[in-house]
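See below for the structure under consideration.
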2 protein chains.
Amino acid sequence: MRILILGGDGYLGWPQSLYLSHKGHEVAIFDNMTRRLFDLERGFNSLVPIGTLHERMQAWKEVSGRSMNIYVGDTTDYDALGRAFQEFQPEVVVHFAEQRSAPFSMIDRKHAVYTQTNNVIGTLNVLYAMKEFAPACHLVKLGTMGEYGTPSIDIEEGFIEIQHKGRSDVLPFPKQPPSFYHLSKVHDSHNIMFCCKIWGIRATDLNQGIVYGVETDETQLDARLATRFDYDQIYGTALNRFCAQATVGYPLTIYGTGGQTRGYIHVKDTIRCIELTLSSPPQPGEYRVFNQITEQFSLLDLANMVVEHGRTRGLHPEIVHLSNPRVELEQHYYNATHTRLIELGLEPHLLNETLLESLMQLAIKYRDHIDPRLIAPSVNWRHITNTVSAEGKSPSMM
Amino acid sequence: MRILILGGDGYLGWPQSLYLSHKGHEVAIFDNMTRRLFDLERGFNSLVPIGTLHERMQAWKEVSGRSMNIYVGDTTDYDALGRAFQEFQPEVVVHFAEQRSAPFSMIDRKHAVYTQTNNVIGTLNVLYAMKEFAPACHLVKLGTMGEYGTPSIDIEEGFIEIQHKGRSDVLPFPKQPPSFYHLSKVHDSHNIMFCCKIWGIRATDLNQGIVYGVETDETQLDARLATRFDYDQIYGTALNRFCAQATVGYPLTIYGTGGQTRGYIHVKDTIRCIELTLSSPPQPGEYRVFNQITEQFSLLDLANMVVEHGRTRGLHPEIVHLSNPRVELEQHYYNATHTRLIELGLEPHLLNETLLESLMQLAIKYRDHIDPRLIAPSVNWRHITNTVSAEGKSPSMM
C-alpha cells in the first residue's frame, strides 16, 4: 500500500515508517521538524542520539535497500500538504503530526494556542486534502486515551450505549480531557467523525495510551536508525522517564500520591496496532475508535517496578512525591475496554522483566547524555505563564 | 455591573447591550465588524436598515442619556482583547463574538478554518484574558443547542447521569454537532469546562436555540436602534427567513421533508435569559450549562404557521421542499430539557399570532429591500467548494 506518514520523523512516526517500509509498503514521510526545533530552542535532547531525517533515510537505504519519500512541510500549510497528497496519492494516511505533549500545551497562552491551532487546523486540512485528492484513502489518526479523562464508569471504545428516561441511543463517549493538548485531540475526534458522515471519508481514531520502550526490530538493525528517548519534563513519559532517572540516581518523581492510573502500551505493539488497523479498513463513511492500550498501571506501580528492577542492577532508586503540577484526580476508578485490536490479531507484549531490562540497559548505556536540569517539572497547570529551559527550577516538594 | 459584550454590534449583541445599558449596567462593546464586512464583500444586506456602530451609539445617547464604551478589536488579537479587559475591568463578559453561521462554515476550507480559528482561538484568548486580568469575572458564553445534534434520548442541560455496567457517573452530555460552526462551539465548551476546573474561572454556557424576532423594547425606541434582520441563505434562520420570503411571494424553502425539529426562542427571551444568568452567577470554578430555548418546532410546523398567518394578511405563501443541502436526519426524536432558566425566573414569550404579526409587519414594511437572489441555498455540506454571492444559483428541487 502507499502509506503517507504525517509526523514520520517523530518518536513513534519514525519506527512506524521503518516497520511499514520493511513490510514492503511504499512509505512517504511528511514532517515539519518542529519536535527537533523545540530541543534546539530550549536545550533539550534525546537520551539516545538520533540522526537527522536525511541521515536516517540514507542508513535505511543501506540497511534495507528500500527508500522512502520525504516531504518537509507543515499540515497547517494546505498547499504543501495538498502537493504531497497529489504527488504521492496515498491509500492510507497515518497521522502523528501533532504537538503531543500535555505540559508543552500548558506552558503559556502561546503554547496553548499553538497546540490547538497546529493540531485542530492541521487535521482539518488533512480531512480536506483527503476529500479533495484521495477520497478513498483511510485516515489512521493518533488520538489519546486522555480524551476520556477518568470517569467513574468503564471507558468504552469511542461510543457508549446510554439508557435514559426509557429510551436508549449509542452516542460518543463523553470526554473530559485534562490539558489543552488532550483537548485538541477531542476537537479532532469530533471534526473527523463529522467529516466521515458528510463526505464518506473512512477513519480510525486510535486512542492510544502512554507508550514506553524505544527499540523495535527495525531500529535495532543499525544505531543510525534509533528513535528518540525522551526523559525530560515536557516530552518524557512515565516509564521511559523513570528508567532514565534511576540510572543517574535522580529520584523517581511522582506527581502527587501516584494513584493516577492510565493505559500503557509498548512501542512494538503501537506499531503493530497500526498495521492491523490499516489491514482491516473501515467502510467508506465509517468512523471507528480503538483504544490502543494493552494494560493499566498506576504511577506508583510503575515507579515501584523500576525501583525493584534497579536494585537487581545495583542501582538504588528512590521515589519522591512532588506537589502535583497538574490538576487531576490522584485516586480514582479506572477501567478501559480494549478488545477491538485484540480481535484484529494483536498479541500484546506485556510489561515484564525483559522489557524493563532492555529499557534500563539503553538508559545506562547513554546515561552520560542525561541533563538532570531537564527532569523537574516547571509547568504548573494552575499558572498561565511557566518557564521551561535547561536552566529549570527545582521542584517543590509535597 | 461592568459588563463587556464581545460581539456587541451583532444581531443579538446589540439589543443585549441596549437592554443591559437601559437597566443601568455599565456596558462596553468589543467587536471586529466582520459580520458587516461579509455583507460588503458578498452583496448581502439586512432587511431592516441598520446604522453603523457609531451612529447607533450616538442615537442611544440621545434617546437614553447613557453611553457605552466601544472597543474595535478582534478576540484573536490578544493584545487588543487584553487592553479592553485591563481598561474596562469587567465583572461579566458576555461572549457573542463568534462566527455564527453553519452554512458560512461549510462554504469551503477557508471558511471552515476561519470559523474554527476565530471561535476556538478567540475563546481561548478570552479565557486567558479572564485569568490574567479579571479572574473573578463571570463568563457568559453563547453556545448552541446544535452542539447536541439529534440523539434518540432526551437532551439534558450539559450533563447526564450515565448508568453503565453497575456503576454510574455524571458526565458531559455527548455531542454530535452538524457543521464546522457547531463543532467550534463544542470545542469551546470543552475548553471552557477545563479552564473552570484548572483556574477556578466561573462560566455559564448557554446552549441557545434558534432565535427569531428582531424587535425589543429598546430597539423600538428609535429606528436608528434597530438590529439586523437576516433573510439570506447564510445568516437567515428559519422563522425570520420564512416571514421575509412570504412577503415577496418567494416560496418558503424547506430543506428536505421538514421534519427537522429544533428548539426556538424569541429575541426578547434571549436577552432576558442573559440578564437572569448574570444575576445568579456560578461559584468560582463552576462550569454550568443552560439550554436556552422556550419551545420546539419542526421546520414544517413553522412554515405552516407562516402560511396560515400570511393568508390573514392577504398573502399566499407556498411551501417548496428543496433537496437538502445539509447532512442531517429529517425525521427524528427530539426532546430537550430546558428548566434551569425557568427556575431562575424566565417567563417565556411563546410563539403566537402577536409575535408572528409583528415580525410579518416589519418584513412587509421593508420588503423592497429583499434581494431574492440571496435566498436559495448554494452551500452543500457534501461539497468542499461552494459559491456564495448575490449572484446566487437557483436551488435544485427535490
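Each chain of the C-alpha cells is named A, B, ... in the order shown, its residues numbered from 1; ligands are numbered from 1 in display order.
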
Per-residue nearest contacts of chain A to chain B (8 Å; only C-alpha atoms) as JSON lines:
{"residue": "A:Arg109", "atom": "CA", "partner": "B:Tyr128", "partner_atom": "CA", "distance": 6.8}
{"residue": "A:Val113", "atom": "CA", "partner": "B:Ile121", "partner_atom": "CA", "distance": 6.5}
{"residue": "A:Gln116", "atom": "CA", "partner": "B:Ile121", "partner_atom": "CA", "distance": 7.8}
{"residue": "A:Thr117", "atom": "CA", "partner": "B:Thr117", "partner_atom": "CA", "distance": 7.2}
{"residue": "A:Ile121", "atom": "CA", "partner": "B:Val113", "partner_atom": "CA", "distance": 6.5}
{"residue": "A:Leu124", "atom": "CA", "partner": "B:Val113", "partner_atom": "CA", "distance": 7.4}
{"residue": "A:Asn125", "atom": "CA", "partner": "B:Arg109", "partner_atom": "CA", "distance": 7.6}
{"residue": "A:Tyr128", "atom": "CA", "partner": "B:Arg109", "partner_atom": "CA", "distance": 6.8}
{"residue": "A:Lys131", "atom": "CA", "partner": "B:Ile384", "partner_atom": "CA", "distance": 7.7}
{"residue": "A:Glu132", "atom": "CA", "partner": "B:Ile384", "partner_atom": "CA", "distance": 7.5}
{"residue": "A:Pro151", "atom": "CA", "partner": "B:Asp169", "partner_atom": "CA", "distance": 6.9}
{"residue": "A:Ser152", "atom": "CA", "partner": "B:Asp169", "partner_atom": "CA", "distance": 5.6}
{"residue": "A:Ile153", "atom": "CA", "partner": "B:Arg167", "partner_atom": "CA", "distance": 5.6}
{"residue": "A:Asp154", "atom": "CA", "partner": "B:His164", "partner_atom": "CA", "distance": 7.2}
{"residue": "A:Ile162", "atom": "CA", "partner": "B:Ile162", "partner_atom": "CA", "distance": 6.6}
{"residue": "A:Gln163", "atom": "CA", "partner": "B:Gln163", "partner_atom": "CA", "distance": 7.5}
{"residue": "A:His164", "atom": "CA", "partner": "B:Ile153", "partner_atom": "CA", "distance": 6.3}
{"residue": "A:Lys165", "atom": "CA", "partner": "B:Asp154", "partner_atom": "CA", "distance": 7.4}
{"residue": "A:Arg167", "atom": "CA", "partner": "B:Ile153", "partner_atom": "CA", "distance": 5.6}
{"residue": "A:Ser168", "atom": "CA", "partner": "B:Ile153", "partner_atom": "CA", "distance": 5.8}
{"residue": "A:Asp169", "atom": "CA", "partner": "B:Ser152", "partner_atom": "CA", "distance": 5.6}
{"residue": "A:Leu171", "atom": "CA", "partner": "B:Pro174", "partner_atom": "CA", "distance": 6.3}
{"residue": "A:Pro172", "atom": "CA", "partner": "B:Pro174", "partner_atom": "CA", "distance": 5.6}
{"residue": "A:Phe173", "atom": "CA", "partner": "B:Pro174", "partner_atom": "CA", "distance": 6.4}
{"residue": "A:Pro174", "atom": "CA", "partner": "B:Pro174", "partner_atom": "CA", "distance": 5.2}
{"residue": "A:Lys175", "atom": "CA", "partner": "B:Pro172", "partner_atom": "CA", "distance": 6.9}
{"residue": "A:Gln176", "atom": "CA", "partner": "B:His190", "partner_atom": "CA", "distance": 7.6}
{"residue": "A:Pro177", "atom": "CA", "partner": "B:Phe194", "partner_atom": "CA", "distance": 7.6}
{"residue": "A:Pro178", "atom": "CA", "partner": "B:Phe194", "partner_atom": "CA", "distance": 7.0}
{"residue": "A:Ser179", "atom": "CA", "partner": "B:Phe194", "partner_atom": "CA", "distance": 7.5}
{"residue": "A:Phe180", "atom": "CA", "partner": "B:Asn191", "partner_atom": "CA", "distance": 7.4}
{"residue": "A:Leu183", "atom": "CA", "partner": "B:Asn191", "partner_atom": "CA", "distance": 6.8}
{"residue": "A:Val186", "atom": "CA", "partner": "B:His187", "partner_atom": "CA", "distance": 7.8}
{"residue": "A:His187", "atom": "CA", "partner": "B:His187", "partner_atom": "CA", "distance": 5.5}
{"residue": "A:His190", "atom": "CA", "partner": "B:Leu183", "partner_atom": "CA", "distance": 7.0}
{"residue": "A:Asn191", "atom": "CA", "partner": "B:Leu183", "partner_atom": "CA", "distance": 6.8}
{"residue": "A:Phe194", "atom": "CA", "partner": "B:Pro178", "partner_atom": "CA", "distance": 7.0}
{"residue": "A:Lys197", "atom": "CA", "partner": "B:Val327", "partner_atom": "CA", "distance": 7.8}
{"residue": "A:Ile198", "atom": "CA", "partner": "B:Arg382", "partner_atom": "CA", "distance": 5.6}
{"residue": "A:Trp199", "atom": "CA", "partner": "B:Arg382", "partner_atom": "CA", "distance": 5.7}
{"residue": "A:Val327", "atom": "CA", "partner": "B:Ile198", "partner_atom": "CA", "distance": 6.0}
{"residue": "A:Trp381", "atom": "CA", "partner": "B:Ile198", "partner_atom": "CA", "distance": 6.5}
{"residue": "A:Arg382", "atom": "CA", "partner": "B:Ile198", "partner_atom": "CA", "distance": 5.6}
{"residue": "A:His383", "atom": "CA", "partner": "B:Trp199", "partner_atom": "CA", "distance": 7.8}
{"residue": "A:Ile384", "atom": "CA", "partner": "B:Tyr128", "partner_atom": "CA", "distance": 7.3}

Checklist entry - Got a sec: who's within 7 Å of Met145 of chain A, counting only C-alpha atoms, leaving out chain neighbours fewer than 3 positions off, as a list of chain:residue names? => result A:Tyr148, A:Asn207, A:Gln208, A:Gly209, A:Asn291

With N, CA and C atoms retained, export the selected residues as an mmCIF file, in the first residue's frame.
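Output saved as out34.cif:
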data_model
loop_
_atom_site.group_PDB
_atom_site.id
_atom_site.type_symbol
_atom_site.label_atom_id
_atom_site.label_comp_id
_atom_site.auth_asym_id
_atom_site.auth_seq_id
_atom_site.Cartn_x
_atom_site.Cartn_y
_atom_site.Cartn_z
ATOM 1 N N TYR A 148 -10.671 10.675 27.278
ATOM 2 C CA TYR A 148 -11.770 10.252 28.152
ATOM 3 C C TYR A 148 -11.667 10.822 29.566
ATOM 4 N N ASN A 207 -7.202 5.758 20.110
ATOM 5 C CA ASN A 207 -6.979 6.393 21.410
ATOM 6 C C ASN A 207 -5.877 5.626 22.132
ATOM 7 N N GLN A 208 -4.690 6.154 21.937
ATOM 8 C CA GLN A 208 -3.505 5.454 22.380
ATOM 9 C C GLN A 208 -3.194 5.782 23.830
ATOM 10 N N GLY A 209 -2.715 4.794 24.549
ATOM 11 C CA GLY A 209 -2.248 5.016 25.912
ATOM 12 C C GLY A 209 -0.831 5.576 25.896
ATOM 13 N N ASN A 291 -9.322 1.637 21.367
ATOM 14 C CA ASN A 291 -8.471 2.019 22.499
ATOM 15 C C ASN A 291 -7.164 1.236 22.396
#

Checklist entry - Restricting the calculation to only C-alpha atoms, which member of A:Ile319, A:Leu6, A:Ile210, A:Val93 is positioned closest to Glu275 of chain A? => result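 Looking at the shortest contact to Glu275 of chain A, the residue is A:Val93.
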
Item to check | B:Thr247, B:Ser378, B:Thr387, B:Ser46 ranked by distance to Val306 of chain B, top pick (using only C-alpha atoms) | outcome: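 Distance minimum relative to Val306 of chain B lands on B:Thr247.
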
Next on the checklist: So that I can check the surroundings of segment 293-296 of chain B, please list as number ranges by chain every protein, DNA and RNA residue that reaches within 8 Å of it, counting only C-alpha atoms and ignoring chain neighbours fewer than 5 positions away.
Outcome noted: B: 208-210, 261-265, 338, 348-350

Using N, CA and C atoms, can you write the selected residues to a file as a short mmCIF file (atom, residue, chain, number, x, y, z; two decimals), in the first residue's frame?
data_model
loop_
_atom_site.label_atom_id
_atom_site.label_comp_id
_atom_site.auth_asym_id
_atom_site.auth_seq_id
_atom_site.Cartn_x
_atom_site.Cartn_y
_atom_site.Cartn_z
N GLN B 208 -28.03 27.90 23.19
CA GLN B 208 -29.17 28.65 22.70
C GLN B 208 -29.80 27.98 21.49
N GLY B 209 -31.12 28.04 21.42
CA GLY B 209 -31.81 27.55 20.24
C GLY B 209 -31.80 28.58 19.14
N ILE B 210 -32.62 28.36 18.13
CA ILE B 210 -32.70 29.28 17.01
C ILE B 210 -33.54 30.48 17.46
N THR B 261 -36.59 18.96 13.78
CA THR B 261 -37.13 19.65 14.94
C THR B 261 -35.99 20.27 15.76
N ARG B 262 -36.21 21.52 16.18
CA ARG B 262 -35.18 22.23 16.93
C ARG B 262 -35.85 23.06 18.02
N GLY B 263 -35.03 23.53 18.97
CA GLY B 263 -35.51 24.44 19.99
C GLY B 263 -35.45 25.87 19.48
N TYR B 264 -36.46 26.66 19.84
CA TYR B 264 -36.54 28.06 19.39
C TYR B 264 -36.71 28.99 20.59
N ILE B 265 -36.40 30.25 20.38
CA ILE B 265 -36.56 31.25 21.44
C ILE B 265 -36.72 32.63 20.80
N HIS B 338 -35.34 22.07 29.34
CA HIS B 338 -34.96 23.49 29.45
C HIS B 338 -35.68 24.09 30.65
N PRO B 348 -41.45 32.89 29.53
CA PRO B 348 -41.26 32.86 28.07
C PRO B 348 -42.34 33.61 27.28
N HIS B 349 -41.91 34.27 26.21
CA HIS B 349 -42.82 34.75 25.17
C HIS B 349 -42.97 33.61 24.16
N LEU B 350 -44.06 32.88 24.24
CA LEU B 350 -44.20 31.77 23.28
C LEU B 350 -44.68 32.29 21.94
#

Item to check | Pick from A:Leu315, A:Ala363, A:Val289, A:Leu329 nearest to Leu341 of chain A, counting only C-alpha atoms | outcome: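 Closest to Leu341 of chain A of all the choices is A:Val289.
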
Next on the checklist: So that I can see what lies close to Ala136 of chain B, please list as a list in words the residues with an atom at most 9 Å from it, counting only C-alpha atoms and leaving out residues fewer than 2 positions away in the same chain.
Outcome noted: Glu91, Val92, Met130, Lys131, Ala134, His138, Gly200, Ile201, Arg202 and Pro284 of chain B

Write to file, as a compact mmCIF listing (two decimals), in the first residue's frame, the residues of the selection just made, with C-alpha atoms.
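Writing the result to result-v9.txt gives the following:
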# COMPACT_ATOMS: atom_id res chain seq x y z
CA GLU B 91 -17.33 41.79 36.18
CA VAL B 92 -19.19 39.90 33.47
CA MET B 130 -10.08 36.50 32.24
CA LYS B 131 -7.48 34.56 34.23
CA ALA B 134 -10.21 39.68 35.69
CA HIS B 138 -18.21 35.60 35.11
CA GLY B 200 -11.25 28.50 39.17
CA ILE B 201 -12.92 30.61 36.49
CA ARG B 202 -16.72 30.80 36.61
CA PRO B 284 -15.71 30.17 41.24

Next on the checklist: Can you pull out every residue from segment 293-332 of chain B that DSSP, working from the backbone, puts in alpha helix (DSSP H), and format the result as number ranges by chain?
Outcome noted: B: 299-312
